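What follows is work.txt (compact mmCIF, C-alpha atoms).
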# COMPACT_ATOMS: atom_id res chain seq x y z
CA MET B 9 105.43 79.58 93.84
CA ASN B 10 105.35 81.98 90.88
CA PRO B 11 102.73 80.53 88.52
CA VAL B 12 102.08 83.89 86.83
CA HIS B 13 105.60 84.78 85.67
CA LYS B 14 107.53 81.55 86.43
CA LYS B 15 110.56 83.68 87.32
CA ILE B 16 113.07 84.41 90.05
CA PRO B 17 113.46 85.92 92.58
CA VAL B 18 110.72 84.51 94.80
CA LEU B 19 110.82 85.08 98.53
CA ILE B 20 109.00 82.43 100.52
CA HIS B 21 108.15 83.73 104.00
CA ASN B 22 106.30 81.35 106.32
CA GLY B 23 105.24 79.35 103.26
CA LYS B 24 103.83 82.38 101.40
CA PRO B 25 105.49 83.53 98.17
CA VAL B 26 106.32 87.15 97.32
CA CYS B 27 107.41 87.85 93.72
CA GLU B 28 109.07 90.68 91.77
CA SER B 29 112.34 91.99 93.19
CA LEU B 30 111.32 95.55 94.13
CA ILE B 31 108.05 94.32 95.63
CA ILE B 32 110.06 91.81 97.68
CA VAL B 33 112.46 94.55 98.83
CA GLN B 34 109.55 96.72 99.99
CA TYR B 35 108.01 93.71 101.75
CA ILE B 36 111.29 93.01 103.59
CA ASP B 37 111.55 96.70 104.50
CA GLU B 38 108.01 96.67 105.92
CA VAL B 39 108.12 93.38 107.81
CA TRP B 40 111.56 93.97 109.36
CA HIS B 41 110.89 97.67 109.78
CA ASP B 42 112.94 98.24 112.90
CA LYS B 43 116.32 97.54 111.29
CA ASN B 44 118.11 99.72 108.71
CA PRO B 45 115.07 101.14 106.88
CA LEU B 46 115.57 101.15 103.13
CA LEU B 47 112.79 103.58 102.23
CA PRO B 48 112.86 107.06 103.81
CA SER B 49 110.13 107.96 106.30
CA ASP B 50 109.06 111.18 104.54
CA PRO B 51 106.28 110.53 101.96
CA TYR B 52 107.82 112.82 99.32
CA GLN B 53 111.28 111.22 99.68
CA ARG B 54 109.60 107.81 99.47
CA ALA B 55 107.86 108.83 96.25
CA GLN B 56 111.18 109.97 94.77
CA ALA B 57 112.84 106.69 95.80
CA ARG B 58 110.05 104.62 94.24
CA PHE B 59 110.20 106.71 91.06
CA TRP B 60 113.95 106.23 90.59
CA ALA B 61 113.93 102.53 91.51
CA ASP B 62 111.21 102.06 88.92
CA PHE B 63 113.33 104.00 86.40
CA VAL B 64 116.25 101.63 87.05
CA ASP B 65 113.94 98.61 86.75
CA LYS B 66 112.44 99.68 83.45
CA LYS B 67 115.57 100.99 81.73
CA VAL B 68 118.88 99.48 82.84
CA TYR B 69 118.49 95.75 82.17
CA ASP B 70 116.84 96.14 78.80
CA CYS B 71 119.33 98.71 77.53
CA GLY B 72 122.32 96.80 78.87
CA ARG B 73 121.08 93.65 77.18
CA ARG B 74 120.88 95.42 73.84
CA ILE B 75 124.56 96.40 74.16
CA TRP B 76 125.71 92.78 74.21
CA ALA B 77 122.94 91.25 72.11
CA THR B 78 123.06 93.53 69.06
CA LYS B 79 125.57 94.71 66.47
CA GLY B 80 126.48 97.80 64.50
CA GLU B 81 124.10 100.77 64.65
CA GLU B 82 121.75 99.10 67.14
CA LYS B 83 124.65 98.44 69.52
CA GLU B 84 125.89 102.03 69.20
CA ALA B 85 122.41 103.36 69.92
CA ALA B 86 122.09 101.09 72.97
CA LYS B 87 125.47 102.24 74.25
CA LYS B 88 124.49 105.92 73.90
CA GLU B 89 121.18 105.23 75.63
CA PHE B 90 122.95 103.38 78.46
CA ILE B 91 125.35 106.26 79.05
CA GLY B 92 122.37 108.65 79.01
CA ILE B 93 120.60 106.55 81.66
CA MET B 94 123.73 106.47 83.85
CA LYS B 95 124.15 110.24 83.49
CA LYS B 96 120.53 110.80 84.62
CA LEU B 97 121.16 108.57 87.63
CA GLU B 98 124.42 110.34 88.36
CA GLY B 99 122.49 113.64 88.29
CA GLU B 100 119.98 112.28 90.77
CA LEU B 101 122.79 111.06 93.06
CA GLY B 102 124.37 114.52 93.10
CA ASN B 103 126.83 114.94 95.95
CA LYS B 104 125.17 112.44 98.27
CA PRO B 105 127.17 109.37 99.33
CA TYR B 106 124.18 107.18 98.47
CA PHE B 107 120.93 107.66 96.58
CA GLY B 108 119.33 107.24 100.01
CA GLY B 109 121.37 110.20 101.34
CA GLU B 110 123.71 109.40 104.22
CA ASP B 111 122.41 105.85 104.33
CA PHE B 112 122.33 103.02 101.80
CA GLY B 113 118.71 102.83 100.67
CA TYR B 114 116.08 101.58 98.26
CA VAL B 115 117.44 103.07 95.05
CA ASP B 116 120.97 101.94 95.94
CA VAL B 117 119.59 98.41 96.36
CA ALA B 118 117.80 98.66 92.99
CA LEU B 119 120.83 99.83 91.03
CA ILE B 120 123.97 98.31 92.59
CA PRO B 121 123.32 94.73 91.36
CA PHE B 122 123.88 95.97 87.83
CA TYR B 123 127.42 97.08 88.69
CA CYS B 124 128.79 93.57 88.25
CA TRP B 125 127.40 93.68 84.69
CA PHE B 126 129.21 96.94 83.81
CA HIS B 127 132.45 95.15 82.91
CA ALA B 128 130.53 93.04 80.35
CA TYR B 129 128.61 96.05 78.94
CA GLU B 130 131.88 98.01 78.70
CA ASN B 131 133.68 95.20 76.89
CA PHE B 132 130.91 94.61 74.39
CA GLY B 133 130.13 98.30 73.95
CA ASN B 134 133.71 99.50 74.01
CA PHE B 135 133.34 102.28 76.58
CA LYS B 136 134.23 102.96 80.17
CA THR B 137 131.47 104.02 82.58
CA GLU B 138 134.15 105.60 84.77
CA THR B 139 135.07 108.06 81.99
CA GLU B 140 131.46 108.99 81.32
CA CYS B 141 130.09 108.94 84.88
CA PRO B 142 132.94 109.09 87.40
CA LYS B 143 130.73 109.99 90.38
CA LEU B 144 128.45 107.05 89.69
CA VAL B 145 131.39 104.64 89.64
CA GLU B 146 132.64 106.19 92.90
CA TRP B 147 129.22 105.48 94.37
CA ALA B 148 129.33 101.90 93.12
CA LYS B 149 132.76 101.31 94.68
CA ARG B 150 131.48 102.80 97.93
CA CYS B 151 128.57 100.33 97.89
CA MET B 152 130.93 97.44 97.16
CA GLN B 153 132.71 98.18 100.46
CA ARG B 154 129.57 97.05 102.23
CA GLU B 155 129.66 93.38 103.08
CA SER B 156 125.98 92.93 102.32
CA VAL B 157 126.69 94.05 98.75
CA SER B 158 130.11 92.51 98.01
CA LYS B 159 129.01 89.13 99.34
CA SER B 160 125.87 89.12 97.21
CA LEU B 161 127.13 90.21 93.82
CA ALA B 162 128.70 87.95 91.19
CA ASP B 163 132.26 88.38 89.95
CA PRO B 164 132.22 90.75 86.92
CA HIS B 165 134.59 88.48 84.99
CA LYS B 166 132.29 85.52 85.54
CA VAL B 167 129.34 87.65 84.34
CA TYR B 168 131.29 88.53 81.18
CA GLU B 169 132.06 84.88 80.51
CA PHE B 170 128.47 83.94 81.14
CA ILE B 171 127.36 86.41 78.45
CA VAL B 172 130.01 85.14 76.03
CA SER B 173 128.70 81.59 76.41
CA LEU B 174 125.08 82.80 76.25
CA LYS B 175 125.82 84.56 72.97
CA LYS B 176 127.33 81.33 71.62
CA LYS B 177 124.21 79.39 72.61
CA LEU B 178 121.96 81.97 71.00
CA GLY B 179 124.12 81.80 67.84
CA ASN B 180 124.74 85.47 68.37
CA GLU B 181 128.41 85.95 67.69
CA MET E 13 104.30 122.84 102.56
CA PRO E 14 100.71 124.07 102.30
CA THR E 15 98.67 120.89 102.32
CA ASN E 16 95.87 122.50 100.36
CA ASP E 17 97.99 123.44 97.32
CA VAL E 18 97.42 120.43 95.10
CA LYS E 19 97.47 120.47 91.31
CA LEU E 20 97.12 117.61 88.86
CA LEU E 21 98.59 117.78 85.37
CA GLY E 22 96.61 115.40 83.23
CA ALA E 23 94.08 114.61 80.53
CA PRO E 24 90.54 113.43 81.37
CA ALA E 25 90.71 110.37 79.11
CA SER E 26 93.98 109.04 80.54
CA GLN E 27 93.33 106.03 82.76
CA TYR E 28 96.57 106.74 84.65
CA VAL E 29 95.39 110.28 85.43
CA ASN E 30 91.98 108.91 86.50
CA ARG E 31 93.76 106.75 89.11
CA VAL E 32 95.12 109.86 90.79
CA GLN E 33 91.69 111.52 90.67
CA PHE E 34 90.14 108.48 92.38
CA ALA E 35 92.76 108.61 95.14
CA LEU E 36 92.32 112.36 95.69
CA ASN E 37 88.54 111.92 95.87
CA LEU E 38 88.79 109.01 98.30
CA LYS E 39 90.79 111.24 100.63
CA SER E 40 88.48 114.25 99.98
CA ILE E 41 91.39 116.40 98.78
CA ASP E 42 90.60 119.51 96.78
CA TYR E 43 92.81 119.98 93.75
CA GLU E 44 93.17 122.00 90.59
CA PHE E 45 93.07 119.97 87.38
CA ILE E 46 95.38 121.45 84.73
CA PRO E 47 94.58 119.78 81.38
CA GLN E 48 97.60 118.96 79.23
CA ASN E 49 97.91 118.72 75.46
CA MET E 50 100.22 115.74 74.97
CA ARG E 51 100.92 116.64 71.36
CA GLU E 52 102.25 120.04 72.45
CA LYS E 53 103.72 119.52 75.91
CA SER E 54 103.62 122.52 78.22
CA GLU E 55 106.66 124.10 79.89
CA LEU E 56 105.14 123.18 83.24
CA LEU E 57 104.88 119.51 82.30
CA LEU E 58 108.42 119.35 80.90
CA LYS E 59 109.78 121.07 84.00
CA SER E 60 107.78 118.88 86.39
CA ASN E 61 108.52 115.56 84.69
CA PRO E 62 111.80 116.02 82.80
CA VAL E 63 112.57 112.27 82.84
CA HIS E 64 109.43 110.85 81.21
CA LYS E 65 107.65 114.05 80.05
CA ASN E 66 104.38 112.30 80.79
CA ILE E 67 101.11 112.59 82.72
CA PRO E 68 99.92 112.32 85.40
CA VAL E 69 102.06 114.65 87.49
CA LEU E 70 100.89 115.68 90.95
CA LEU E 71 102.17 119.06 92.10
CA HIS E 72 101.99 119.30 95.87
CA GLY E 73 103.08 122.84 96.67
CA ASP E 74 106.06 123.13 94.37
CA LYS E 75 106.99 119.45 94.58
CA PRO E 76 106.27 117.23 91.58
CA ILE E 77 105.44 113.55 91.97
CA CYS E 78 105.32 111.40 88.83
CA ASP E 79 104.03 107.97 87.81
CA SER E 80 100.46 107.03 88.70
CA LEU E 81 101.29 104.18 91.10
CA VAL E 82 103.93 106.30 92.88
CA ILE E 83 101.45 109.20 93.15
CA VAL E 84 98.63 107.02 94.56
CA GLN E 85 100.98 105.61 97.22
CA TYR E 86 102.19 109.15 98.02
CA ILE E 87 98.59 110.35 98.47
CA ASP E 88 97.90 107.38 100.74
CA GLU E 89 101.00 108.05 102.85
CA PHE E 90 100.83 111.85 103.09
CA TRP E 91 97.10 111.99 103.88
CA PHE E 92 97.35 109.01 106.19
CA ASP E 93 94.38 110.03 108.32
CA GLY E 94 91.92 109.54 105.46
CA PRO E 95 90.55 106.10 104.48
CA SER E 96 93.47 103.76 103.65
CA ILE E 97 94.14 102.89 100.04
CA LEU E 98 96.84 100.25 100.46
CA PRO E 99 96.14 97.28 102.73
CA SER E 100 97.70 97.48 106.19
CA ASP E 101 99.24 94.00 106.18
CA PRO E 102 102.68 93.82 104.42
CA TYR E 103 101.84 90.56 102.64
CA ASP E 104 98.53 91.93 101.31
CA ARG E 105 100.41 95.05 100.19
CA ALA E 106 102.92 92.91 98.31
CA ILE E 107 100.08 91.04 96.56
CA ALA E 108 98.35 94.32 95.65
CA ARG E 109 101.62 95.72 94.26
CA PHE E 110 102.28 92.49 92.35
CA TRP E 111 98.94 92.63 90.54
CA ALA E 112 99.27 96.38 89.94
CA ALA E 113 102.61 95.70 88.22
CA TYR E 114 101.04 92.87 86.22
CA ILE E 115 98.19 95.12 85.07
CA ASP E 116 100.58 97.89 84.02
CA ASP E 117 103.44 95.83 82.60
CA LYS E 118 101.55 92.94 80.97
CA TRP E 119 97.79 93.43 80.68
CA ILE E 120 97.29 97.05 79.58
CA PRO E 121 100.09 96.71 76.97
CA PHE E 122 97.92 94.09 75.17
CA PHE E 123 95.55 96.94 74.29
CA LYS E 124 98.44 99.05 73.06
CA GLU E 125 99.45 96.15 70.82
CA LEU E 126 95.88 95.99 69.52
CA THR E 127 96.19 99.53 68.14
CA THR E 128 98.92 98.32 65.77
CA ALA E 129 97.76 94.72 65.21
CA LYS E 130 97.71 94.17 61.47
CA ASP E 131 95.63 91.04 60.89
CA GLU E 132 92.63 89.27 62.42
CA GLU E 133 94.80 86.42 63.71
CA SER E 134 96.97 88.67 65.86
CA LYS E 135 93.89 90.60 67.07
CA THR E 136 92.21 87.35 68.13
CA ALA E 137 95.34 86.20 69.94
CA LEU E 138 95.52 89.50 71.86
CA VAL E 139 91.82 89.33 72.78
CA GLU E 140 92.45 85.82 74.15
CA LYS E 141 95.31 87.10 76.31
CA ILE E 142 93.15 89.96 77.60
CA LEU E 143 90.35 87.53 78.51
CA GLU E 144 92.85 85.22 80.25
CA GLY E 145 94.02 88.19 82.27
CA LEU E 146 90.45 88.96 83.30
CA LYS E 147 90.00 85.36 84.47
CA LEU E 148 93.12 85.79 86.63
CA PHE E 149 91.70 89.01 88.06
CA GLU E 150 88.45 87.18 88.86
CA ASP E 151 90.42 84.76 91.08
CA VAL E 152 92.44 87.58 92.60
CA PHE E 153 89.20 89.43 93.41
CA VAL E 154 87.62 86.44 95.11
CA LYS E 155 90.76 85.95 97.27
CA ALA E 156 91.43 89.62 98.03
CA SER E 157 87.85 90.76 98.69
CA LYS E 158 87.15 87.94 101.20
CA GLY E 159 83.47 88.12 100.34
CA LYS E 160 83.29 91.92 100.53
CA CYS E 161 82.63 94.51 97.81
CA PHE E 162 86.06 95.50 96.56
CA PHE E 163 89.61 94.21 96.04
CA GLY E 164 90.34 96.39 99.06
CA GLY E 165 87.61 94.67 101.11
CA GLU E 166 84.89 96.93 102.56
CA THR E 167 86.28 100.01 100.89
CA ILE E 168 87.96 100.85 97.58
CA GLY E 169 91.67 100.08 97.66
CA PHE E 170 94.81 100.11 95.57
CA LEU E 171 93.94 97.30 93.21
CA ASP E 172 90.39 98.63 92.68
CA ILE E 173 91.93 101.91 91.53
CA VAL E 174 94.64 100.30 89.39
CA LEU E 175 92.26 98.02 87.49
CA GLY E 176 89.10 100.10 87.75
CA CYS E 177 90.63 103.02 85.84
CA TYR E 178 90.53 100.88 82.69
CA LEU E 179 86.82 100.01 82.82
CA GLY E 180 85.85 102.79 80.39
CA TRP E 181 88.48 101.81 77.84
CA LEU E 182 87.53 98.16 78.24
CA LYS E 183 83.98 99.05 77.15
CA ALA E 184 85.23 101.17 74.24
CA TRP E 185 87.49 98.36 73.03
CA GLY E 186 84.59 95.93 73.47
CA ILE E 187 82.50 97.95 71.04
CA GLN E 188 85.43 98.28 68.62
CA LEU E 189 86.10 94.54 68.54
CA ASP E 190 82.55 93.35 69.20
CA VAL E 191 83.72 91.43 72.26
CA ASN E 192 81.97 91.34 75.64
CA PHE E 193 85.06 91.53 77.87
CA LEU E 194 83.21 91.50 81.18
CA ASP E 195 80.97 88.49 80.73
CA GLU E 196 78.66 87.51 83.61
CA SER E 197 78.98 83.84 82.67
CA LYS E 198 82.79 83.90 82.73
CA THR E 199 83.78 86.49 85.36
CA PRO E 200 80.64 87.08 87.48
CA ALA E 201 82.51 88.50 90.47
CA LEU E 202 84.28 91.09 88.31
CA VAL E 203 81.00 92.13 86.68
CA GLY E 204 79.51 92.84 90.10
CA TRP E 205 82.67 94.61 91.23
CA ALA E 206 82.77 96.80 88.10
CA GLU E 207 79.24 98.00 88.73
CA ARG E 208 79.86 98.78 92.40
CA PHE E 209 83.18 100.48 91.63
CA SER E 210 81.82 102.67 88.82
CA SER E 211 78.86 103.88 90.86
CA ASP E 212 80.87 104.73 93.99
CA LYS E 213 80.70 108.47 94.75
CA ALA E 214 84.50 108.85 94.72
CA ILE E 215 84.70 107.25 91.28
CA HIS E 216 81.53 108.25 89.47
CA GLY E 217 81.98 110.93 86.80
CA ILE E 218 85.75 110.69 86.52
CA ILE E 219 86.06 108.18 83.68
CA PRO E 220 84.70 109.81 80.50
CA GLU E 221 81.55 108.37 78.89
CA THR E 222 82.15 105.32 76.71
CA GLU E 223 81.04 107.24 73.59
CA GLU E 224 83.76 109.80 74.18
CA LEU E 225 86.42 107.12 74.71
CA PHE E 226 85.22 105.28 71.59
CA ARG E 227 85.56 108.52 69.62
CA ILE E 228 89.10 109.03 70.92
CA LEU E 229 89.89 105.39 70.12
CA GLN E 230 89.00 106.00 66.47
CA ILE E 231 91.51 108.86 66.39
CA ILE E 232 94.19 106.69 68.03
CA LEU E 233 93.57 103.85 65.55
CA ALA E 234 93.63 106.23 62.58
CA ARG E 235 96.93 107.74 63.74
CA ALA E 236 98.43 104.26 64.27
CA ALA E 237 97.35 103.14 60.80
CA ASP E 238 98.78 106.32 59.34
CA ALA E 239 102.12 105.85 61.08
CA ALA E 240 102.27 102.21 59.92
CA SER E 241 101.78 103.13 56.30
CA LYS E 242 104.74 105.55 56.30
What is this structure when it is put down as structure tokens?
Amino acid sequence: MNPVHKKIPVLIHNGKPVCESLIIVQYIDEVWHDKNPLLPSDPYQRAQARFWADFVDKKVYDCGRRIWATKGEEKEAAKKEFIGIMKKLEGELGNKPYFGGEDFGYVDVALIPFYCWFHAYENFGNFKTETECPKLVEWAKRCMQRESVSKSLADPHKVYEFIVSLKKKLGNE
Amino acid sequence: MPTNDVKLLGAPASQYVNRVQFALNLKSIDYEFIPQNMREKSELLLKSNPVHKNIPVLLHGDKPICDSLVIVQYIDEFWFDGPSILPSDPYDRAIARFWAAYIDDKWIPFFKELTTAKDEESKTALVEKILEGLKLFEDVFVKASKGKCFFGGETIGFLDIVLGCYLGWLKAWGIQLDVNFLDESKTPALVGWAERFSSDKAIHGIIPETEELFRILQIILARAADAASK
């Protein structure tokens, strides 16, 4: 179903595969367009949403990974970079309840899955996101109150343990 | 917002900037091109794109839109009464977006790696990967075009723009490496498509001449070699 990248997620709709998470999210938003739209209707707001979701996609995973996968100076640099990324996102959120404004939207969907990884990043990097970016953590907790989110995300402690065992396998302690 | 106040911050040799120019031309939108010096970034650029400090940036009225793929989709959605750039079917849109992401995240970076490739072995390996990518695009074209002229079908679409912007650089790199990247015997459909795309009135004249790109490539390679030796 994904011969090019051989990766997950893959959505299979009526036998046809759609790959790449943000592309899948846009597809879902377009096919089931009459329920809870994720992207705004205004073209400029849509452009902003796509820009920030892409920012999350390109920056968060890679930087977070470097926090747990590296040591010493590299780890410190990754931690600083991660906090910088979160601060930029917090700036973009501003005083809105969600990145999508009053409603949970596309950028919220792009970013919230990383929240269950924060506990692991914080443990390995020795920092607290809440101290650095309190509004962002407030936002995350608000998202976690939504059933669609809390039911989908992994337990942060399990994520931490998963990384511990992954590090062992990679000989990375 | 005045719909006729459109400015584009860019550089003529940037394939990402060219994408935006294609889209604006396809929709017959008048715009002011404000050339940027990327080695001495302007106040306007830094203010308009504080996150990435990069081109292209579209300024529509006072609103900045950044990132070439985001800008092209914005142009398609705002000026929705012009010819469509993205396909209308959600599945076809997902496929177009998938290949656009592949081109930007996997294929074009091979060329960036070539600028710093140290030995012949690594250069050859990268050329192989680029050629494999082109074979993939040949299949994608045959499926997407459904026998018509472009990835977008009868008219130029999203994937035509996303891949087509690199045709000039592909030729320049071909001269540099003495490789015929678009080979009629290997990717005949793409060869035909490249010709039709480049001569289309919305596209023609935007991508700089190959000689100019080749000249710029020499500067890029010299700078990369210089940086590597430090």
For chain E, work out the contacting residues on chain B at 6 Å, counting only C-alpha atoms, and write them as a list of chain:residue names.
->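 That gives B:Ile31, B:Tyr35, B:Pro51, B:Ala55 for chain B.
Pairwise distance (CA of Lys143 in chain B, CA of Lys96 in chain B) equals 11.7 Å.
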Could you give me, as a VMD selection string, the residues that sit within 9 Å of (116.2, 106.5, 92.6) in the file's coordinates, counting only C-alpha atoms?
-> chain B and resid 56 to 64 97 100 to 101 107 to 108 114 to 116 118 to 119
For a cutoff of 12 Å around the file-coordinate point (98.1, 119.1, 88.8), which residues qualify once you count all atoms listed in the file? I'd like the result as a compact mmCIF listing (two decimals) with C-alpha atoms, in the coordinates of the input.
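Written output follows (out_0.txt):
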# COMPACT_ATOMS: atom_id res chain seq x y z
CA ASP E 17 97.99 123.44 97.32
CA VAL E 18 97.42 120.43 95.10
CA LYS E 19 97.47 120.47 91.31
CA LEU E 20 97.12 117.61 88.86
CA LEU E 21 98.59 117.78 85.37
CA GLY E 22 96.61 115.40 83.23
CA ALA E 23 94.08 114.61 80.53
CA VAL E 29 95.39 110.28 85.43
CA VAL E 32 95.12 109.86 90.79
CA GLN E 33 91.69 111.52 90.67
CA LEU E 36 92.32 112.36 95.69
CA ASP E 42 90.60 119.51 96.78
CA TYR E 43 92.81 119.98 93.75
CA GLU E 44 93.17 122.00 90.59
CA PHE E 45 93.07 119.97 87.38
CA ILE E 46 95.38 121.45 84.73
CA PRO E 47 94.58 119.78 81.38
CA GLN E 48 97.60 118.96 79.23
CA LEU E 56 105.14 123.18 83.24
CA LEU E 57 104.88 119.51 82.30
CA SER E 60 107.78 118.88 86.39
CA ASN E 61 108.52 115.56 84.69
CA ILE E 67 101.11 112.59 82.72
CA PRO E 68 99.92 112.32 85.40
CA VAL E 69 102.06 114.65 87.49
CA LEU E 70 100.89 115.68 90.95
CA LEU E 71 102.17 119.06 92.10
CA HIS E 72 101.99 119.30 95.87
CA GLY E 73 103.08 122.84 96.67
CA ASP E 74 106.06 123.13 94.37
CA LYS E 75 106.99 119.45 94.58
CA PRO E 76 106.27 117.23 91.58
CA ILE E 77 105.44 113.55 91.97
CA CYS E 78 105.32 111.40 88.83
CA ILE E 83 101.45 109.20 93.15
Quick one: residues within 12 Å of Ala240 in chain E, only C-alpha atoms counted, chain neighbours fewer than 2 positions away excluded, as a VMD selection string?
-> chain E and resid 127 to 130 233 to 238 242
Residue nearest Pro45 in chain B among B:Glu81, B:Glu169, B:Asp111, B:Glu98 (counting only C-alpha atoms) |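 Between B:Glu81, B:Glu169, B:Asp111, B:Glu98, the residue approaching Pro45 in chain B most closely is B:Asp111.
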Would you kindly return, as a list in words, each protein, DNA or RNA residue with an atom no farther than 7 Å from any atom of range 157-165 of chain B, considering only C-alpha atoms and excluding same-chain residues fewer than 5 positions away?
-> Pro121, Cys124, Trp125, His127, Cys151 and Met152 of chain B
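What separates CA of Phe34 in chain E from CA of Ser100 in chain E is a distance of 19.2 Å.
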Among listed residues E:Ala35, E:Ile41, E:Ile231, E:Leu175, nearest Ile120 in chain E (using only C-alpha atoms) = E:Leu175
In Å, how far is it from CA of Ile168 in chain E to CA of Ala25 in chain E?
->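 Between these atoms lies a distance of 21.0 Å.
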Find the residues around Phe132 in chain B up to 10 Å (all atoms listed in the file counted), leave out those fewer than 5 positions away in its own chain, and share them as a ChimeraX atom specification.
-> /B:72,75-79,83,87,126-127,168,171-172
Please produce a file of the residues just selected, as a PDB file, keeping the file's coordinate frame, where the atoms kept are C-alpha atoms.
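Wrote selection_17.pdb, looks like this:
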ATOM      1  CA  GLY B  72     122.320  96.800  78.870  1.00  0.00           C
ATOM      2  CA  ILE B  75     124.560  96.400  74.160  1.00  0.00           C
ATOM      3  CA  TRP B  76     125.710  92.780  74.210  1.00  0.00           C
ATOM      4  CA  ALA B  77     122.940  91.250  72.110  1.00  0.00           C
ATOM      5  CA  THR B  78     123.060  93.530  69.060  1.00  0.00           C
ATOM      6  CA  LYS B  79     125.570  94.710  66.470  1.00  0.00           C
ATOM      7  CA  LYS B  83     124.650  98.440  69.520  1.00  0.00           C
ATOM      8  CA  LYS B  87     125.470 102.240  74.250  1.00  0.00           C
ATOM      9  CA  PHE B 126     129.210  96.940  83.810  1.00  0.00           C
ATOM     10  CA  HIS B 127     132.450  95.150  82.910  1.00  0.00           C
ATOM     11  CA  TYR B 168     131.290  88.530  81.180  1.00  0.00           C
ATOM     12  CA  ILE B 171     127.360  86.410  78.450  1.00  0.00           C
ATOM     13  CA  VAL B 172     130.010  85.140  76.030  1.00  0.00           C
TER      14      VAL B 172
END
From the list E:Pro24, E:Gly145, E:Gly217, E:Pro99, which residue is nearest Gly165 in chain E when using all atoms listed in the file?
->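 Smallest separation from Gly165 in chain E among the options: E:Pro99.
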Do a neighbour search on Pro105 in chain B at 7 Å with only C-alpha atoms, toss out local chain neighbours closer than 3 positions, and write the hits as a PyMOL selection string.
-> chain B and resi 109-110+147
